[in-house]
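File shown: final.cif. Contents: mmCIF, C-alpha atoms.
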```cif
data_final
#
loop_
_atom_site.group_PDB
_atom_site.id
_atom_site.type_symbol
_atom_site.label_atom_id
_atom_site.label_comp_id
_atom_site.auth_asym_id
_atom_site.auth_seq_id
_atom_site.Cartn_x
_atom_site.Cartn_y
_atom_site.Cartn_z
ATOM 1 C CA MET A 15 -60.996 -32.644 -89.964
ATOM 2 C CA LYS A 16 -57.431 -33.216 -91.126
ATOM 3 C CA THR A 17 -54.483 -32.318 -88.902
ATOM 4 C CA ILE A 18 -51.114 -30.977 -89.973
ATOM 5 C CA ALA A 19 -48.344 -30.611 -87.398
ATOM 6 C CA ILE A 20 -45.620 -28.119 -88.268
ATOM 7 C CA ILE A 21 -42.318 -28.427 -86.396
ATOM 8 C CA GLY A 22 -39.897 -25.529 -86.098
ATOM 9 C CA GLU A 23 -38.856 -22.312 -84.424
ATOM 10 C CA CYS A 24 -40.368 -18.867 -84.106
ATOM 11 C CA MET A 25 -38.066 -15.981 -83.222
ATOM 12 C CA ILE A 26 -38.317 -12.331 -82.318
ATOM 13 C CA GLU A 27 -37.893 -10.332 -85.524
ATOM 14 C CA LEU A 28 -36.235 -6.933 -85.797
ATOM 15 C CA ASN A 29 -36.734 -5.331 -89.191
ATOM 16 C CA GLY A 30 -35.128 -2.035 -90.199
ATOM 17 C CA LYS A 31 -31.915 -0.057 -90.109
ATOM 18 C CA PRO A 32 -29.446 -0.654 -87.253
ATOM 19 C CA PHE A 33 -29.494 2.275 -84.823
ATOM 20 C CA GLY A 34 -32.320 3.737 -86.888
ATOM 21 C CA GLU A 35 -35.987 2.997 -87.313
ATOM 22 C CA MET A 36 -36.610 -0.598 -86.206
ATOM 23 C CA GLN A 37 -39.827 -2.649 -86.133
ATOM 24 C CA GLN A 38 -40.265 -5.519 -83.694
ATOM 25 C CA THR A 39 -42.450 -8.489 -84.539
ATOM 26 C CA PHE A 40 -41.965 -12.262 -84.789
ATOM 27 C CA GLY A 41 -41.337 -14.824 -87.493
ATOM 28 C CA GLY A 42 -39.743 -18.078 -88.504
ATOM 29 C CA ASP A 43 -40.084 -20.083 -91.686
ATOM 30 C CA THR A 44 -42.372 -22.790 -90.319
ATOM 31 C CA LEU A 45 -44.419 -20.440 -88.136
ATOM 32 C CA ASN A 46 -44.903 -18.143 -91.125
ATOM 33 C CA ALA A 47 -46.124 -21.120 -93.144
ATOM 34 C CA ALA A 48 -48.503 -22.137 -90.339
ATOM 35 C CA ILE A 49 -50.088 -18.688 -90.200
ATOM 36 C CA TYR A 50 -50.415 -18.381 -93.971
ATOM 37 C CA LEU A 51 -51.887 -21.897 -94.054
ATOM 38 C CA CYS A 52 -54.546 -20.888 -91.514
ATOM 39 C CA ARG A 53 -55.344 -17.750 -93.482
ATOM 40 C CA SER A 54 -55.578 -19.706 -96.755
ATOM 41 C CA GLN A 55 -58.352 -22.039 -95.632
ATOM 42 C CA ARG A 56 -61.843 -21.551 -96.954
ATOM 43 C CA ASP A 57 -63.737 -19.098 -94.766
ATOM 44 C CA SER A 58 -66.992 -20.976 -95.237
ATOM 45 C CA ALA A 59 -65.729 -24.354 -94.059
ATOM 46 C CA PRO A 60 -62.222 -24.478 -92.634
ATOM 47 C CA ASP A 61 -61.392 -28.148 -92.278
ATOM 48 C CA LEU A 62 -57.761 -28.220 -91.144
ATOM 49 C CA SER A 63 -56.292 -28.262 -87.665
ATOM 50 C CA VAL A 64 -52.887 -26.551 -87.840
ATOM 51 C CA LYS A 65 -50.738 -27.519 -84.860
ATOM 52 C CA TYR A 66 -47.418 -25.779 -84.281
ATOM 53 C CA VAL A 67 -44.709 -27.788 -82.529
ATOM 54 C CA THR A 68 -41.931 -25.877 -80.801
ATOM 55 C CA ALA A 69 -40.601 -24.784 -77.407
ATOM 56 C CA MET A 70 -40.960 -21.264 -76.040
ATOM 57 C CA GLY A 71 -39.967 -19.498 -72.852
ATOM 58 C CA SER A 72 -42.234 -18.653 -69.933
ATOM 59 C CA GLU A 73 -41.594 -14.903 -69.963
ATOM 60 C CA PRO A 74 -44.265 -12.389 -71.094
ATOM 61 C CA LEU A 75 -42.794 -12.038 -74.592
ATOM 62 C CA SER A 76 -43.189 -15.763 -75.302
ATOM 63 C CA GLN A 77 -46.696 -15.721 -73.883
ATOM 64 C CA GLU A 78 -47.687 -12.763 -76.064
ATOM 65 C CA MET A 79 -46.265 -14.424 -79.186
ATOM 66 C CA THR A 80 -48.164 -17.675 -78.637
ATOM 67 C CA ALA A 81 -51.347 -15.713 -77.881
ATOM 68 C CA ARG A 82 -51.045 -14.038 -81.279
ATOM 69 C CA TRP A 83 -50.575 -17.390 -83.003
ATOM 70 C CA LYS A 84 -53.852 -18.536 -81.439
ATOM 71 C CA GLN A 85 -55.556 -15.427 -82.791
ATOM 72 C CA GLU A 86 -54.436 -16.525 -86.259
ATOM 73 C CA GLY A 87 -56.043 -19.932 -85.778
ATOM 74 C CA VAL A 88 -52.888 -21.891 -84.953
ATOM 75 C CA ASP A 89 -53.321 -24.703 -82.406
ATOM 76 C CA THR A 90 -50.618 -24.195 -79.739
ATOM 77 C CA SER A 91 -51.354 -27.297 -77.671
ATOM 78 C CA LEU A 92 -47.993 -28.792 -78.731
ATOM 79 C CA VAL A 93 -45.957 -25.674 -77.884
ATOM 80 C CA LEU A 94 -43.805 -26.705 -74.924
ATOM 81 C CA ASN A 95 -42.898 -24.366 -72.081
ATOM 82 C CA ASP A 96 -39.171 -24.051 -71.325
ATOM 83 C CA THR A 97 -38.671 -22.208 -68.047
ATOM 84 C CA LYS A 98 -34.894 -21.880 -68.554
ATOM 85 C CA ARG A 99 -34.742 -20.400 -72.055
ATOM 86 C CA SER A 100 -36.305 -17.756 -74.289
ATOM 87 C CA PRO A 101 -36.968 -17.341 -78.035
ATOM 88 C CA GLY A 102 -34.114 -16.546 -80.390
ATOM 89 C CA LEU A 103 -33.840 -13.207 -82.173
ATOM 90 C CA TYR A 104 -32.989 -12.204 -85.741
ATOM 91 C CA LEU A 105 -32.412 -8.959 -87.616
ATOM 92 C CA ILE A 106 -33.466 -8.547 -91.259
ATOM 93 C CA GLN A 107 -31.706 -6.044 -93.493
ATOM 94 C CA LEU A 108 -32.981 -5.364 -97.022
ATOM 95 C CA ASP A 109 -31.166 -4.061 -100.078
ATOM 96 C CA GLU A 110 -32.709 -1.817 -102.741
ATOM 97 C CA GLN A 111 -34.065 -4.854 -104.657
ATOM 98 C CA GLY A 112 -35.892 -6.198 -101.615
ATOM 99 C CA GLU A 113 -33.406 -9.034 -101.071
ATOM 100 C CA ARG A 114 -32.687 -9.786 -97.443
ATOM 101 C CA THR A 115 -29.765 -10.689 -95.214
ATOM 102 C CA PHE A 116 -30.091 -12.057 -91.676
ATOM 103 C CA LEU A 117 -28.243 -11.775 -88.391
ATOM 104 C CA TYR A 118 -29.180 -14.334 -85.725
ATOM 105 C CA TRP A 119 -28.949 -14.673 -81.941
ATOM 106 C CA ARG A 120 -30.339 -18.161 -81.227
ATOM 107 C CA ASP A 121 -27.685 -20.379 -79.602
ATOM 108 C CA GLN A 122 -29.717 -20.751 -76.409
ATOM 109 C CA SER A 123 -33.209 -20.537 -77.897
ATOM 110 C CA ALA A 124 -35.867 -22.766 -76.351
ATOM 111 C CA ALA A 125 -36.710 -24.320 -79.731
ATOM 112 C CA LYS A 126 -33.144 -25.551 -80.186
ATOM 113 C CA TYR A 127 -33.658 -27.890 -77.222
ATOM 114 C CA LEU A 128 -37.160 -29.054 -78.170
ATOM 115 C CA VAL A 129 -36.180 -32.740 -78.403
ATOM 116 C CA GLN A 130 -34.557 -32.617 -74.957
ATOM 117 C CA HIS A 131 -37.671 -31.189 -73.305
ATOM 118 C CA PRO A 132 -38.931 -33.444 -70.474
ATOM 119 C CA VAL A 133 -42.371 -33.883 -72.084
ATOM 120 C CA PHE A 134 -41.309 -34.188 -75.731
ATOM 121 C CA ALA A 135 -42.445 -37.823 -75.595
ATOM 122 C CA GLN A 136 -46.013 -36.536 -75.320
ATOM 123 C CA VAL A 137 -45.506 -34.565 -78.528
ATOM 124 C CA THR A 138 -44.156 -37.692 -80.217
ATOM 125 C CA TYR A 139 -47.316 -39.557 -79.254
ATOM 126 C CA ALA A 140 -49.573 -36.742 -80.504
ATOM 127 C CA LEU A 141 -47.829 -36.621 -83.881
ATOM 128 C CA LYS A 142 -48.884 -40.212 -84.596
ATOM 129 C CA SER A 143 -52.463 -39.040 -85.097
ATOM 130 C CA ALA A 144 -51.564 -36.254 -87.567
ATOM 131 C CA ASP A 145 -52.353 -36.585 -91.265
ATOM 132 C CA MET A 146 -49.191 -34.669 -92.208
ATOM 133 C CA VAL A 147 -46.040 -33.486 -90.460
ATOM 134 C CA PHE A 148 -44.126 -30.624 -92.057
ATOM 135 C CA VAL A 149 -40.546 -29.632 -91.248
ATOM 136 C CA SER A 150 -37.908 -27.440 -92.871
ATOM 137 C CA GLY A 151 -34.157 -27.450 -93.210
ATOM 138 C CA ILE A 152 -34.060 -24.852 -90.451
ATOM 139 C CA SER A 153 -36.115 -27.146 -88.185
ATOM 140 C CA LEU A 154 -33.281 -29.669 -88.518
ATOM 141 C CA ALA A 155 -30.335 -27.268 -88.596
ATOM 142 C CA ILE A 156 -30.988 -25.646 -85.220
ATOM 143 C CA LEU A 157 -30.953 -28.973 -83.369
ATOM 144 C CA PRO A 158 -27.817 -30.404 -81.747
ATOM 145 C CA LYS A 159 -26.419 -33.355 -83.712
ATOM 146 C CA GLN A 160 -27.877 -36.137 -81.543
ATOM 147 C CA ASP A 161 -31.248 -34.399 -81.339
ATOM 148 C CA ARG A 162 -31.305 -34.043 -85.136
ATOM 149 C CA ALA A 163 -30.693 -37.769 -85.486
ATOM 150 C CA GLN A 164 -33.537 -38.438 -83.051
ATOM 151 C CA MET A 165 -35.859 -36.119 -84.993
ATOM 152 C CA LEU A 166 -35.020 -37.818 -88.295
ATOM 153 C CA ALA A 167 -35.677 -41.234 -86.737
ATOM 154 C CA LEU A 168 -39.008 -39.989 -85.401
ATOM 155 C CA LEU A 169 -40.055 -38.688 -88.815
ATOM 156 C CA ALA A 170 -39.153 -42.039 -90.395
ATOM 157 C CA GLN A 171 -41.279 -43.847 -87.804
ATOM 158 C CA LEU A 172 -44.196 -41.512 -88.413
ATOM 159 C CA ARG A 173 -44.013 -42.102 -92.167
ATOM 160 C CA ASP A 174 -43.909 -45.852 -91.639
ATOM 161 C CA SER A 175 -47.085 -45.524 -89.565
ATOM 162 C CA GLY A 176 -48.900 -43.716 -92.393
ATOM 163 C CA VAL A 177 -48.289 -40.025 -91.598
ATOM 164 C CA GLU A 178 -47.476 -38.001 -94.717
ATOM 165 C CA ILE A 179 -44.153 -36.144 -94.370
ATOM 166 C CA ALA A 180 -43.527 -32.801 -96.097
ATOM 167 C CA PHE A 181 -40.162 -31.024 -96.218
ATOM 168 C CA ASP A 182 -38.805 -27.671 -97.365
ATOM 169 C CA SER A 183 -35.009 -27.782 -97.580
ATOM 170 C CA ASN A 184 -34.827 -24.043 -96.671
ATOM 171 C CA TYR A 185 -31.043 -23.740 -96.457
ATOM 172 C CA ARG A 186 -29.243 -21.262 -94.219
ATOM 173 C CA PRO A 187 -25.460 -21.793 -94.586
ATOM 174 C CA ALA A 188 -24.694 -20.104 -91.238
ATOM 175 C CA LEU A 189 -26.605 -22.863 -89.429
ATOM 176 C CA TRP A 190 -24.449 -25.663 -90.824
ATOM 177 C CA PRO A 191 -20.734 -26.323 -90.201
ATOM 178 C CA ASP A 192 -18.358 -25.314 -92.972
ATOM 179 C CA ASP A 193 -17.373 -28.822 -94.109
ATOM 180 C CA ASN A 194 -17.973 -28.638 -97.852
ATOM 181 C CA HIS A 195 -21.707 -29.438 -97.342
ATOM 182 C CA GLN A 196 -21.056 -32.936 -96.015
ATOM 183 C CA THR A 197 -23.139 -32.506 -92.845
ATOM 184 C CA VAL A 198 -26.129 -30.891 -94.530
ATOM 185 C CA GLN A 199 -26.049 -33.371 -97.423
ATOM 186 C CA SER A 200 -25.960 -36.308 -95.012
ATOM 187 C CA ALA A 201 -28.914 -34.959 -93.015
ATOM 188 C CA TYR A 202 -30.914 -34.123 -96.129
ATOM 189 C CA ARG A 203 -30.345 -37.533 -97.706
ATOM 190 C CA LEU A 204 -31.923 -39.125 -94.643
ATOM 191 C CA MET A 205 -34.713 -36.554 -94.667
ATOM 192 C CA TYR A 206 -35.536 -37.012 -98.344
ATOM 193 C CA ARG A 207 -35.755 -40.781 -97.921
ATOM 194 C CA THR A 208 -38.478 -40.064 -95.385
ATOM 195 C CA THR A 209 -40.229 -37.370 -97.463
ATOM 196 C CA ASP A 210 -43.466 -37.793 -99.395
ATOM 197 C CA LEU A 211 -43.819 -34.148 -100.482
ATOM 198 C CA ALA A 212 -40.824 -31.860 -101.081
ATOM 199 C CA LEU A 213 -41.424 -28.105 -101.365
ATOM 200 C CA VAL A 214 -37.958 -26.784 -102.195
ATOM 201 C CA THR A 215 -36.413 -23.647 -103.657
ATOM 202 C CA PHE A 216 -34.036 -24.220 -106.558
ATOM 203 C CA GLU A 217 -31.401 -21.799 -105.249
ATOM 204 C CA ASP A 218 -31.194 -23.780 -102.000
ATOM 205 C CA GLU A 219 -30.809 -27.114 -103.754
ATOM 206 C CA GLN A 220 -28.266 -25.609 -106.135
ATOM 207 C CA ALA A 221 -26.208 -24.255 -103.237
ATOM 208 C CA ILE A 222 -26.146 -27.608 -101.433
ATOM 209 C CA TRP A 223 -25.842 -30.065 -104.312
ATOM 210 C CA GLY A 224 -24.566 -27.983 -107.237
ATOM 211 C CA ASP A 225 -27.620 -28.673 -109.414
ATOM 212 C CA ASP A 226 -27.435 -27.071 -112.867
ATOM 213 C CA THR A 227 -31.176 -27.078 -113.590
ATOM 214 C CA PRO A 228 -34.490 -27.511 -111.744
ATOM 215 C CA LEU A 229 -34.967 -30.707 -113.742
ATOM 216 C CA GLN A 230 -31.809 -32.088 -112.171
ATOM 217 C CA THR A 231 -33.243 -31.249 -108.745
ATOM 218 C CA CYS A 232 -36.437 -33.140 -109.552
ATOM 219 C CA GLU A 233 -34.517 -36.164 -110.784
ATOM 220 C CA ARG A 234 -32.257 -36.269 -107.727
ATOM 221 C CA LEU A 235 -35.132 -36.021 -105.246
ATOM 222 C CA ALA A 236 -37.082 -38.663 -107.140
ATOM 223 C CA SER A 237 -34.043 -40.927 -106.884
ATOM 224 C CA PHE A 238 -34.256 -40.556 -103.088
ATOM 225 C CA GLY A 239 -37.849 -41.791 -103.265
ATOM 226 C CA VAL A 240 -39.715 -38.496 -102.860
ATOM 227 C CA LYS A 241 -43.202 -39.025 -104.307
ATOM 228 C CA THR A 242 -44.028 -35.401 -105.183
ATOM 229 C CA VAL A 243 -41.440 -32.688 -105.801
ATOM 230 C CA VAL A 244 -42.296 -29.004 -106.141
ATOM 231 C CA VAL A 245 -39.311 -26.814 -107.061
ATOM 232 C CA LYS A 246 -40.021 -23.137 -106.412
ATOM 233 C CA LEU A 247 -38.581 -20.875 -109.119
ATOM 234 C CA GLY A 248 -39.632 -17.388 -108.024
ATOM 235 C CA ALA A 249 -40.855 -15.346 -110.969
ATOM 236 C CA ASN A 250 -40.819 -18.511 -113.107
ATOM 237 C CA GLY A 251 -43.416 -20.275 -110.973
ATOM 238 C CA CYS A 252 -42.561 -23.839 -110.041
ATOM 239 C CA LEU A 253 -41.624 -27.174 -111.586
ATOM 240 C CA VAL A 254 -43.505 -30.263 -110.403
ATOM 241 C CA SER A 255 -42.508 -33.908 -110.568
ATOM 242 C CA GLU A 256 -44.893 -36.691 -109.535
ATOM 243 C CA LEU A 257 -43.092 -40.005 -109.193
ATOM 244 C CA GLY A 258 -46.070 -42.319 -109.458
ATOM 245 C CA ALA A 259 -47.504 -40.563 -112.524
ATOM 246 C CA ASN A 260 -44.129 -40.093 -114.241
ATOM 247 C CA GLU A 261 -45.318 -36.553 -114.894
ATOM 248 C CA LEU A 262 -43.256 -33.340 -115.044
ATOM 249 C CA TYR A 263 -44.844 -29.935 -115.581
ATOM 250 C CA ASN A 264 -44.463 -26.220 -114.872
ATOM 251 C CA VAL A 265 -47.002 -24.033 -113.065
ATOM 252 C CA SER A 266 -46.466 -20.418 -114.085
ATOM 253 C CA THR A 267 -47.050 -17.299 -112.012
ATOM 254 C CA THR A 268 -47.650 -13.616 -112.624
ATOM 255 C CA VAL A 269 -44.435 -11.594 -112.389
ATOM 256 C CA VAL A 270 -44.500 -9.036 -109.557
ATOM 257 C CA GLU A 271 -43.154 -5.660 -110.626
ATOM 258 C CA ASN A 272 -43.078 -4.028 -107.190
ATOM 259 C CA VAL A 273 -41.015 -6.374 -105.013
ATOM 260 C CA VAL A 274 -40.609 -4.847 -101.555
ATOM 261 C CA ASP A 275 -39.485 -7.702 -99.314
ATOM 262 C CA THR A 276 -38.858 -11.358 -100.229
ATOM 263 C CA THR A 277 -38.482 -12.452 -96.590
ATOM 264 C CA SER A 278 -41.414 -14.879 -96.510
ATOM 265 C CA ALA A 279 -41.893 -15.700 -100.185
ATOM 266 C CA GLY A 280 -41.250 -19.426 -99.838
ATOM 267 C CA ASP A 281 -43.028 -19.684 -96.490
ATOM 268 C CA SER A 282 -46.225 -18.080 -97.786
ATOM 269 C CA PHE A 283 -46.098 -20.312 -100.881
ATOM 270 C CA ASN A 284 -45.911 -23.303 -98.545
ATOM 271 C CA GLY A 285 -48.904 -22.085 -96.544
ATOM 272 C CA GLY A 286 -51.059 -21.429 -99.587
ATOM 273 C CA PHE A 287 -49.971 -24.691 -101.210
ATOM 274 C CA LEU A 288 -50.555 -26.892 -98.174
ATOM 275 C CA ALA A 289 -54.005 -25.474 -97.425
ATOM 276 C CA THR A 290 -55.151 -26.353 -100.941
ATOM 277 C CA TYR A 291 -53.264 -29.636 -101.184
ATOM 278 C CA LEU A 292 -54.653 -31.015 -97.925
ATOM 279 C CA GLU A 293 -58.167 -30.020 -98.928
ATOM 280 C CA THR A 294 -58.195 -31.103 -102.580
ATOM 281 C CA SER A 295 -55.017 -33.153 -103.335
ATOM 282 C CA ASP A 296 -54.807 -31.053 -106.533
ATOM 283 C CA ILE A 297 -51.109 -30.253 -107.009
ATOM 284 C CA LYS A 298 -51.585 -27.770 -109.871
ATOM 285 C CA GLN A 299 -54.253 -25.837 -108.015
ATOM 286 C CA ALA A 300 -52.126 -25.856 -104.857
ATOM 287 C CA CYS A 301 -49.135 -24.467 -106.804
ATOM 288 C CA HIS A 302 -51.291 -21.736 -108.331
ATOM 289 C CA ASN A 303 -52.629 -20.667 -104.937
ATOM 290 C CA GLY A 304 -49.160 -20.768 -103.397
ATOM 291 C CA ASN A 305 -47.822 -18.578 -106.204
ATOM 292 C CA VAL A 306 -50.679 -16.084 -105.810
ATOM 293 C CA LEU A 307 -50.159 -15.744 -102.071
ATOM 294 C CA ALA A 308 -46.374 -15.422 -102.340
ATOM 295 C CA GLY A 309 -46.803 -12.784 -105.050
ATOM 296 C CA GLU A 310 -48.891 -10.701 -102.661
ATOM 297 C CA VAL A 311 -46.621 -11.193 -99.649
ATOM 298 C CA ILE A 312 -43.445 -9.964 -101.386
ATOM 299 C CA GLN A 313 -45.123 -6.631 -102.107
ATOM 300 C CA HIS A 314 -45.154 -5.767 -98.388
ATOM 301 C CA LYS A 315 -42.588 -5.520 -95.596
ATOM 302 C CA GLY A 316 -42.163 -8.197 -92.969
ATOM 303 C CA ALA A 317 -42.470 -11.954 -92.720
ATOM 304 C CA ILE A 318 -46.166 -11.862 -91.798
ATOM 305 C CA ILE A 319 -48.133 -9.182 -93.617
ATOM 306 C CA SER A 320 -51.545 -7.716 -92.806
ATOM 307 C CA LYS A 321 -54.409 -10.195 -93.040
ATOM 308 C CA ALA A 322 -56.272 -7.754 -95.272
ATOM 309 C CA TYR A 323 -53.651 -8.300 -97.989
ATOM 310 C CA THR A 324 -53.745 -12.080 -97.715
ATOM 311 C CA ASP A 325 -57.540 -12.009 -97.817
ATOM 312 C CA ALA A 326 -57.292 -10.083 -101.085
ATOM 313 C CA ALA A 327 -54.946 -12.749 -102.456
ATOM 314 C CA LYS A 328 -57.410 -15.509 -101.483
ATOM 315 C CA ASN A 329 -59.951 -13.978 -103.843
ATOM 316 C CA LYS A 330 -57.608 -14.968 -106.672
ATOM 317 C CA PHE A 331 -57.313 -18.604 -105.573
ATOM 318 C CA LYS A 332 -58.704 -21.263 -107.864
#
```
When written as structure tokens, how does the structure in this file appear?
Amino acid sequence: MKTIAIIGECMIELNGKPFGEMQQTFGGDTLNAAIYLCRSQRDSAPDLSVKYVTAMGSEPLSQEMTARWKQEGVDTSLVLNDTKRSPGLYLIQLDEQGERTFLYWRDQSAAKYLVQHPVFAQVTYALKSADMVFVSGISLAILPKQDRAQMLALLAQLRDSGVEIAFDSNYRPALWPDDNHQTVQSAYRLMYRTTDLALVTFEDEQAIWGDDTPLQTCERLASFGVKTVVVKLGANGCLVSELGANELYNVSTTVVENVVDTTSAGDSFNGGFLATYLETSDIKQACHNGNVLAGEVIQHKGAIISKAYTDAAKNKFK
């Protein structure tokens, strides 16, 4: 059985109209990906252990959230207990086109201080036995500066020891200082030099680096040494660059007419992609399955949709 460890933050989600109808659930880019990855495995022979790495509080809300992750098949053995802090919270607001805006309350979230946790060294040791470690730009952005540097050093050590490193640049401007992108670019340069597999969204890369085309994104990431680059293009599918094969190709998707909520489009793509990639190593098939799952997810409200809908999407996997 292969093991993937996914590092990040899960928050309390409020979804709806302020002072109106409001739904409470939970979500976070990496946690969303972990759940969709678990759901995307073959029912007949699931062969992946999906470990989520974060810190949560000790109050009933944190306990209920982690219990629900277990129900989804996520291994929570590397979720650390922080008795002094609680999960962060975010509010999603949607416009008429299904595009979202976020408001966050996370300055004292438990996950922000993951690296400072007294038993984080035990997590570090456990990660050495993983086949892949996956992080996102948000995983890095929420950490204090010194902790981020420590995390980047850890990821470099893991890669040197043979662990495959995957990264989604998932860019949230509010989480980075307003210094003309210097801080985020510096962190991402280090991250990309440690990355084997990049699963990025073109709009994020364009916002950070000023890329004119997805091809330019592929070329830049390849120049950093990233072996496989997948640039997510929404309705246009994704563009793939494989450094060793000197191959560049597009994987198309079916355009979704009824877009309701794009909150977890990239996260669900990552989950569907990684489940297939870790099982088969087939990049094209993984892109197809990621596109299919994301296309289903954006037709429903919330970061994590009903399992019945994702099961229906699995029937369309290659």
Practice task
Please evaluate the PyMOL selection byres ((chain A and resi 15) around 9) against the displayed coordinates and give the resulting residues as a ChimeraX atom specification.
Solution key: /A:16-17,60-63
Exercise: segment 287-300 of chain A partners within 7 Å, only C-alpha atoms, chain neighbours under 6 positions left out, as a VMD selection string: chain A and resid 51 54 to 55 265 332
* Give the answer as one residue: which of A:Ala155, A:Ala170, A:Ala308, A:Val214 has the shortest atom-to-atom distance to Ser183 of chain A, using all atoms listed in the file? =>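 That would be A:Val214, the residue with the smallest distance to Ser183 of chain A.
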What is the atom CA of Thr68 of chain A to atom CA of Cys252 of chain A distance in Å?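 Separating atom CA of Thr68 of chain A from atom CA of Cys252 of chain A is a distance of 29.3 Å.
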Pick from A:Gln37, A:Asn250, A:Gln85, A:Thr80 nearest to Ile106 of chain A, counting all atoms listed in the file: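 Of all the options, A:Gln37 lies closest to Ile106 of chain A.
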For the point (-29.0, -11.4, -87.2) in the file's frame, write as a ChimeraX atom specification all residues with an atom no more than 8 Å away, counting all atoms listed in the file.
/A:103-106,116-119
For Val270 of chain A, which of A:Thr208, A:Asn194, A:Asn303, A:Gln313 is the closest residue, counting all atoms listed in the file?
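Closest to Val270 of chain A of all the choices is A:Gln313.
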For the file shown, report as number ranges by chain the outcome of the PyMOL selection byres ((chain A and resi 133) around 12) at residue level.
A: 68-69, 92-96, 127-132, 134-140
(Q) If we draw a sphere of 12 Å around (-41.8, -19.7, -101.8), which residues have at least one atom in it when counting all atoms listed in the file? Please report them as an MDAnalysis selection string. (A) chainID A and resid 43:44 46:47 50 182:184 213:218 244:252 267 276:288 301:312 317
Using the selection just defined, write its residues with C-alpha atoms as a PDB file, in the frame of the given file.
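Once everything was written out, this is part18.pdb:
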```
ATOM      1  CA  ASP A  43     -40.084 -20.083 -91.686  1.00  0.00           C
ATOM      2  CA  THR A  44     -42.372 -22.790 -90.319  1.00  0.00           C
ATOM      3  CA  ASN A  46     -44.903 -18.143 -91.125  1.00  0.00           C
ATOM      4  CA  ALA A  47     -46.124 -21.120 -93.144  1.00  0.00           C
ATOM      5  CA  TYR A  50     -50.415 -18.381 -93.971  1.00  0.00           C
ATOM      6  CA  ASP A 182     -38.805 -27.671 -97.365  1.00  0.00           C
ATOM      7  CA  SER A 183     -35.009 -27.782 -97.580  1.00  0.00           C
ATOM      8  CA  ASN A 184     -34.827 -24.043 -96.671  1.00  0.00           C
ATOM      9  CA  LEU A 213     -41.424 -28.105-101.365  1.00  0.00           C
ATOM     10  CA  VAL A 214     -37.958 -26.784-102.195  1.00  0.00           C
ATOM     11  CA  THR A 215     -36.413 -23.647-103.657  1.00  0.00           C
ATOM     12  CA  PHE A 216     -34.036 -24.220-106.558  1.00  0.00           C
ATOM     13  CA  GLU A 217     -31.401 -21.799-105.249  1.00  0.00           C
ATOM     14  CA  ASP A 218     -31.194 -23.780-102.000  1.00  0.00           C
ATOM     15  CA  VAL A 244     -42.296 -29.004-106.141  1.00  0.00           C
ATOM     16  CA  VAL A 245     -39.311 -26.814-107.061  1.00  0.00           C
ATOM     17  CA  LYS A 246     -40.021 -23.137-106.412  1.00  0.00           C
ATOM     18  CA  LEU A 247     -38.581 -20.875-109.119  1.00  0.00           C
ATOM     19  CA  GLY A 248     -39.632 -17.388-108.024  1.00  0.00           C
ATOM     20  CA  ALA A 249     -40.855 -15.346-110.969  1.00  0.00           C
ATOM     21  CA  ASN A 250     -40.819 -18.511-113.107  1.00  0.00           C
ATOM     22  CA  GLY A 251     -43.416 -20.275-110.973  1.00  0.00           C
ATOM     23  CA  CYS A 252     -42.561 -23.839-110.041  1.00  0.00           C
ATOM     24  CA  THR A 267     -47.050 -17.299-112.012  1.00  0.00           C
ATOM     25  CA  THR A 276     -38.858 -11.358-100.229  1.00  0.00           C
ATOM     26  CA  THR A 277     -38.482 -12.452 -96.590  1.00  0.00           C
ATOM     27  CA  SER A 278     -41.414 -14.879 -96.510  1.00  0.00           C
ATOM     28  CA  ALA A 279     -41.893 -15.700-100.185  1.00  0.00           C
ATOM     29  CA  GLY A 280     -41.250 -19.426 -99.838  1.00  0.00           C
ATOM     30  CA  ASP A 281     -43.028 -19.684 -96.490  1.00  0.00           C
ATOM     31  CA  SER A 282     -46.225 -18.080 -97.786  1.00  0.00           C
ATOM     32  CA  PHE A 283     -46.098 -20.312-100.881  1.00  0.00           C
ATOM     33  CA  ASN A 284     -45.911 -23.303 -98.545  1.00  0.00           C
ATOM     34  CA  GLY A 285     -48.904 -22.085 -96.544  1.00  0.00           C
ATOM     35  CA  GLY A 286     -51.059 -21.429 -99.587  1.00  0.00           C
ATOM     36  CA  PHE A 287     -49.971 -24.691-101.210  1.00  0.00           C
ATOM     37  CA  LEU A 288     -50.555 -26.892 -98.174  1.00  0.00           C
ATOM     38  CA  CYS A 301     -49.135 -24.467-106.804  1.00  0.00           C
ATOM     39  CA  HIS A 302     -51.291 -21.736-108.331  1.00  0.00           C
ATOM     40  CA  ASN A 303     -52.629 -20.667-104.937  1.00  0.00           C
ATOM     41  CA  GLY A 304     -49.160 -20.768-103.397  1.00  0.00           C
ATOM     42  CA  ASN A 305     -47.822 -18.578-106.204  1.00  0.00           C
ATOM     43  CA  VAL A 306     -50.679 -16.084-105.810  1.00  0.00           C
ATOM     44  CA  LEU A 307     -50.159 -15.744-102.071  1.00  0.00           C
ATOM     45  CA  ALA A 308     -46.374 -15.422-102.340  1.00  0.00           C
ATOM     46  CA  GLY A 309     -46.803 -12.784-105.050  1.00  0.00           C
ATOM     47  CA  GLU A 310     -48.891 -10.701-102.661  1.00  0.00           C
ATOM     48  CA  VAL A 311     -46.621 -11.193 -99.649  1.00  0.00           C
ATOM     49  CA  ILE A 312     -43.445  -9.964-101.386  1.00  0.00           C
ATOM     50  CA  ALA A 317     -42.470 -11.954 -92.720  1.00  0.00           C
TER      51      ALA A 317
END
```
Per residue of segment 93-186 of chain A within 9 Å of segment 72-77 of chain A, which atom pair is closest and at what distance in Å (one decimal), using all atoms listed in the file, listed by chain and increasing number, as a Markdown table?
```
| residue | atom | partner | partner_atom | distance |
| --- | --- | --- | --- | --- |
| A:Asn95 | CA | A:Ser72 | CA | 6.1 |
| A:Asp96 | CA | A:Ser72 | CA | 6.4 |
| A:Thr97 | CA | A:Ser72 | CA | 5.4 |
| A:Lys98 | CA | A:Ser72 | CA | 8.1 |
| A:Arg99 | CA | A:Ser72 | CA | 8.0 |
| A:Ser100 | CA | A:Ser76 | CA | 7.2 |
| A:Pro101 | CA | A:Ser76 | CA | 7.0 |
```
